[in-house]
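Engineer: Just one file: data.cif, with mmCIF, C-alpha atoms.
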```
data_run
#
loop_
_atom_site.label_atom_id
_atom_site.label_comp_id
_atom_site.auth_asym_id
_atom_site.auth_seq_id
_atom_site.Cartn_x
_atom_site.Cartn_y
_atom_site.Cartn_z
CA MET A 1 18.59 21.26 -28.55
CA ASN A 2 15.54 18.96 -28.74
CA THR A 3 17.74 15.87 -28.53
CA ARG A 4 19.41 17.15 -25.37
CA LEU A 5 16.02 17.94 -23.76
CA TYR A 6 14.72 14.50 -24.73
CA PHE A 7 17.77 12.80 -23.22
CA ILE A 8 17.53 14.76 -19.97
CA SER A 9 13.82 13.95 -19.67
CA LEU A 10 14.52 10.27 -20.26
CA VAL A 11 17.29 10.18 -17.65
CA LEU A 12 15.00 11.85 -15.08
CA LEU A 13 11.93 9.68 -15.78
CA LEU A 14 13.60 6.27 -16.05
CA PRO A 15 14.30 5.87 -12.30
CA LEU A 16 10.71 6.85 -11.52
CA LEU A 17 9.36 4.18 -13.89
CA LEU A 18 11.66 1.52 -12.45
CA VAL A 19 10.62 2.33 -8.88
CA SER A 20 6.91 2.18 -9.74
CA CYS A 21 7.32 -1.20 -11.47
CA GLN A 22 9.23 -2.58 -8.47
CA ALA A 23 6.57 -1.32 -6.04
CA SER A 24 3.83 -3.05 -8.04
CA GLU A 25 5.71 -6.37 -8.04
CA ASN A 26 6.36 -6.12 -4.29
CA SER A 27 2.69 -5.58 -3.50
CA LEU A 28 1.82 -8.83 -5.28
CA THR A 29 4.53 -10.75 -3.44
CA GLU A 30 3.40 -9.44 -0.06
CA SER A 31 -0.19 -10.58 -0.65
CA GLU A 32 0.62 -14.10 -1.87
CA ASN A 33 -0.75 -15.82 1.26
CA THR A 34 -3.72 -13.61 2.16
CA LEU A 35 -6.52 -15.45 0.33
CA THR A 36 -8.36 -18.40 1.83
CA GLU A 37 -11.06 -20.87 0.83
CA SER A 38 -13.72 -18.65 2.44
CA ASP A 39 -12.75 -15.49 0.53
CA ASP A 40 -14.80 -14.24 -2.41
CA ALA A 41 -11.73 -14.83 -4.59
CA MET A 42 -11.80 -17.19 -7.55
CA HIS A 43 -10.39 -20.66 -7.16
CA GLY A 44 -8.62 -22.69 -9.80
CA THR A 45 -5.68 -24.81 -10.85
CA VAL A 46 -2.37 -23.69 -12.35
CA ARG A 47 -1.67 -25.59 -15.58
CA PHE A 48 1.43 -25.89 -17.72
CA ILE A 49 0.27 -25.35 -21.29
CA ASN A 50 2.61 -26.91 -23.85
CA LEU A 51 1.96 -24.42 -26.68
CA GLU A 52 4.23 -21.75 -28.17
CA GLY A 53 7.21 -22.88 -26.11
CA GLY A 54 5.19 -23.57 -22.97
CA PHE A 55 3.69 -21.27 -20.35
CA TYR A 56 1.56 -21.39 -17.21
CA GLY A 57 -2.12 -20.57 -17.17
CA ILE A 58 -4.85 -20.76 -14.56
CA GLU A 59 -8.07 -22.71 -15.14
CA ALA A 60 -10.71 -21.31 -12.80
CA ASP A 61 -13.21 -23.69 -11.26
CA ASP A 62 -15.96 -22.07 -13.37
CA GLY A 63 -14.08 -23.11 -16.54
CA THR A 64 -12.63 -19.70 -17.38
CA LYS A 65 -9.02 -19.81 -18.58
CA TYR A 66 -6.66 -17.00 -17.60
CA ASN A 67 -3.27 -16.29 -19.11
CA PRO A 68 -1.53 -14.53 -16.20
CA LEU A 69 0.98 -11.92 -17.28
CA ASN A 70 2.71 -11.75 -13.90
CA LEU A 71 2.43 -15.18 -12.26
CA PRO A 72 5.09 -15.34 -9.50
CA GLU A 73 7.72 -18.08 -9.89
CA ALA A 74 6.56 -19.77 -6.67
CA PHE A 75 3.18 -20.51 -8.30
CA LYS A 76 4.52 -21.97 -11.56
CA GLN A 77 3.64 -25.57 -10.62
CA ASP A 78 1.37 -27.70 -12.80
CA GLY A 79 -1.65 -28.86 -10.81
CA LEU A 80 -1.26 -26.31 -7.98
CA ARG A 81 -4.61 -25.26 -6.46
CA VAL A 82 -4.85 -21.50 -5.92
CA ALA A 83 -7.20 -18.75 -4.81
CA PHE A 84 -6.73 -15.61 -6.87
CA ARG A 85 -8.01 -12.24 -8.03
CA VAL A 86 -7.18 -10.89 -11.45
CA GLN A 87 -7.51 -7.72 -13.47
CA VAL A 88 -8.50 -8.71 -17.01
CA ARG A 89 -6.36 -6.93 -19.62
CA GLU A 90 -8.40 -6.35 -22.76
CA ASP A 91 -5.67 -4.07 -24.08
CA VAL A 92 -3.10 -6.88 -24.28
CA ALA A 93 -2.61 -9.55 -26.92
CA THR A 94 -0.37 -12.57 -26.38
CA ILE A 95 1.20 -15.08 -28.74
CA GLN A 96 -0.17 -17.99 -26.72
CA GLN A 97 -3.77 -17.64 -27.98
CA TRP A 98 -4.97 -19.40 -24.84
CA GLY A 99 -7.11 -17.87 -22.14
CA THR A 100 -7.84 -14.30 -21.23
CA PRO A 101 -4.78 -12.12 -20.58
CA ALA A 102 -4.88 -10.93 -16.98
CA GLU A 103 -2.68 -9.48 -14.27
CA ILE A 104 -2.70 -11.26 -10.93
CA VAL A 105 -3.77 -8.86 -8.18
CA GLU A 106 -3.66 -11.42 -5.37
CA ILE A 107 -2.85 -15.14 -5.31
CA SER A 108 -2.59 -17.74 -2.57
CA ASN A 109 -1.69 -21.44 -2.48
CA LEU A 110 -4.65 -23.58 -1.35
CA GLU A 111 -2.60 -26.70 -0.70
#
```
Could you spell out this file's structure in structure tokens?

Structural biologist:
Amino acid sequence: MNTRLYFISLVLLLPLLLVSCQASENSLTESENTLTESDDAMHGTVRFINLEGGFYGIEADDGTKYNPLNLPEAFKQDGLRVAFRVQVREDVATIQQWGTPAEIVEISNLE
């Protein structure tokens, strides 16, 4: 009986989880071009880091290194100047051991 209840709960909750994940990704995509040089956002440069198989990080102009967990494909360009806002994720550990894990809240190309 418990297995059946567990399965039914899983089947009912899975679509809800998928929809909420998709909505979060869409909100980032829609805000990709909203930041400008005059915003209070951080500014930095996207870098390809050739460690642990390679990944993209962001070096902020103040020297802080961020390991973005959700960098959109369009921004995965070494040397790209960006304006961005992040939510630091202290509850996440990565294998890269480079930078502070963070989720991108907003990002815009400055070039």

Engineer: Name the residues that the PyMOL selection byres ((chain A and resi 82) around 8) picks from the file above, as a PyMOL selection string, using the file's chain letters and numbers.

Structural biologist: chain A and resi 43-46+80-81+83-84+107-111

Engineer: Determine, counting only C-alpha atoms, which protein, DNA and RNA residues have an atom within 8 Å of an atom of range 101-105 of chain A; residues of the same chain fewer than 5 positions away are not included. Present the result as a PyMOL selection string.

Structural biologist: chain A and resi 28+66-71+84-90+92-94

Engineer: Taking all atoms listed in the file into account, which of A:Asp91, A:Trp98, A:Gln77, A:Arg47 comes nearest Ala60 in chain A?

Structural biologist: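 For Ala60 in chain A, the nearest of the candidates is A:Arg47.
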
Engineer: What does the distance between CA of Asp40 in chain A and CA of Asp78 in chain A come to in Å, to one decimal place?

Structural biologist: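 Here the two named atoms are 23.5 Å from each other.
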
Engineer: Which one of A:Ala41, A:Glu106, A:Glu73, A:Thr100 sits closest to Ile58 in chain A if you count all atoms listed in the file?

Structural biologist: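 Among A:Ala41, A:Glu106, A:Glu73, A:Thr100, it is A:Thr100 that comes nearest to Ile58 in chain A.
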